[in-house]
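Structure first, commentary second.
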Amino acid sequence: MDTAPNSNTRNAGRRLTIRASRHSLSFSAPDTAQEAGGVTFEPYTVRSGIAIAANLREAFKTATLPGKGYGKALLMVDSPVLMMPVDLFREQDADTLYRHSFPRQTADRVEYNVLPELNAVALFSVNKDLRLVVDDHFADVKVGCAMSPVWKYLHQRSFIGPRSKLYGYFHDRKLDIFCFAQNRFKYCNAFETTHAHDALYFLLYVWKQLAMKPEHDEMHIVGDIPEQAWILAELRKYLLRAYVINPSADFNRAPASLVSGMPYDLMAYYVKGR
């Protein structure tokens with residue numbers, strides 16, 4: 001009699017990562033059948049016109065990974081972020097502060113991630129219906145801000161060399177721009193943009209606002225960059241050191257960095273941890 005556990009039994013104690021934004025949805029998990037660090041990534045084509053929670057319900061019926069018997073889930077959410085210094089954060093005030101900053105998120109649930117390396121707390125929102133769908137399928141659910149692994153890793157990367165660095169991460173039809181100084185955020189903001197000209201304006205505007213030095217400091221961009229060659233050429237008209245981060249090279253060809261279509265934040269999560 002064959003007593004070997006099937007894949008559903010083996011996965012009961014493992015965690016499935018669900019990444020959700022306004023425009024995208026995906027599932028991923030470590031692939032134990034591959035080499036160390038291997039990841040299975042399954043994007044789901046979101047139907048416009050219906051809520052992301054409704055899309056997730058449909059995905060649970062048709063997608064492959066959710067049917068593999070995972071007993072735990074990590075819900076990584078891309079939503080507006082309110083950044084606070086850790087010494088000023090009070091959990092009882094989080095809901096009020098976030099809703100005052102983002103009044104359109106009133107129907108959502110406010111969550112937070114502590115970023116001890118940056119002495120900061122990231123407040124973000126999770127759609128209540130989306131969270132309910134996930135809770136209905138998994139006994140153990142953790143929630144995280146999709147940007148957290150990116151901030152953590154690029155903060156560590158900012159210590160390489162003597163120059164200040166400004167980062168731009170393109171994803172989910174927007175651009176997150178941030179930089180660090182003395183183990184803190186010096187700047188952190190997000191801009192809705194799908195056009196290269198708008199993105200170039202935001203990058204150069206923030207550079208100027210921070211009084212960064214065009215002949216000395218560095219700008220690094222990464223992600224789903226629109227008209228990448230054009231943006232890089234335009235940046236180099238004004239800055240001596242503008243670069244595109246190649247995830248495969250940056251992560252030393254780690255298996256997760258080679259997965260086609262995987263967002264950079266998921267790569268950072270699987271390679272470097274949240």
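Ligands are numbered from 1 in the order shown, residues from 1 within each chain, and chains are lettered A, B, ... in the order they appear in the structure tokens.
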Against region 186-207 of chain A, which residues of region 84-161 of chain A fall within 12 Å? For each one I want the closest pair of atoms and the distance in Å (one decimal), counting only C-alpha atoms, rows by chain and increasing residue number, as JSON lines.
```
{"residue": "A:Met84", "atom": "CA", "partner": "A:Cys188", "partner_atom": "CA", "distance": 10.7}
{"residue": "A:Pro85", "atom": "CA", "partner": "A:Lys186", "partner_atom": "CA", "distance": 11.3}
{"residue": "A:Leu118", "atom": "CA", "partner": "A:Lys186", "partner_atom": "CA", "distance": 10.1}
{"residue": "A:Asn119", "atom": "CA", "partner": "A:Lys186", "partner_atom": "CA", "distance": 11.6}
{"residue": "A:Ala120", "atom": "CA", "partner": "A:Lys186", "partner_atom": "CA", "distance": 11.2}
{"residue": "A:Ala122", "atom": "CA", "partner": "A:Cys188", "partner_atom": "CA", "distance": 10.7}
{"residue": "A:Met147", "atom": "CA", "partner": "A:Ala190", "partner_atom": "CA", "distance": 10.8}
{"residue": "A:Trp151", "atom": "CA", "partner": "A:Cys188", "partner_atom": "CA", "distance": 9.7}
{"residue": "A:His155", "atom": "CA", "partner": "A:Lys186", "partner_atom": "CA", "distance": 11.1}
```
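Of note, CA of Ala256 (chain A) and CA of Asp135 (chain A) are spaced 26.8 Å apart.
For Ser158 (chain A), the residues within 12 Å (counting only C-alpha atoms, excluding itself and residues fewer than 4 positions away along the chain) are A:Val150, A:Trp151, A:Lys152, A:Tyr153, A:Leu154, A:Pro162, A:Arg163, A:Ser164, A:Lys165, A:Leu166, A:Tyr167, A:Phe178, A:Cys179, A:Phe180, A:Ala181, A:Gln182, A:Asn183, A:Arg184, A:Phe185, A:Asp217, A:Glu218, A:Met219, A:His220.
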Please list as a JSON list (two decimals) with N, CA and C atoms, in the first residue's frame every residue within 9 Å of Asp108 (chain A), counting only C-alpha atoms and excluding residues in the same chain fewer than 5 positions away.
```json
[["chain", "number", "residue", "atom", "x", "y", "z"],
["A", 125, "SER", "N", -3.81, 49.63, 3.71],
["A", 125, "SER", "CA", -5.19, 49.17, 3.82],
["A", 125, "SER", "C", -5.40, 47.87, 3.07],
["A", 126, "VAL", "N", -6.35, 47.07, 3.57],
["A", 126, "VAL", "CA", -6.74, 45.82, 2.94],
["A", 126, "VAL", "C", -8.25, 45.84, 2.77],
["A", 127, "ASN", "N", -8.71, 45.60, 1.55],
["A", 127, "ASN", "CA", -10.14, 45.54, 1.30],
["A", 127, "ASN", "C", -10.78, 44.46, 2.19],
["A", 128, "LYS", "N", -11.86, 44.82, 2.88],
["A", 128, "LYS", "CA", -12.47, 43.89, 3.83],
["A", 128, "LYS", "C", -12.99, 42.64, 3.15],
["A", 129, "ASP", "N", -13.58, 42.79, 1.97],
["A", 129, "ASP", "CA", -14.10, 41.62, 1.26],
["A", 129, "ASP", "C", -12.95, 40.72, 0.80]]
```
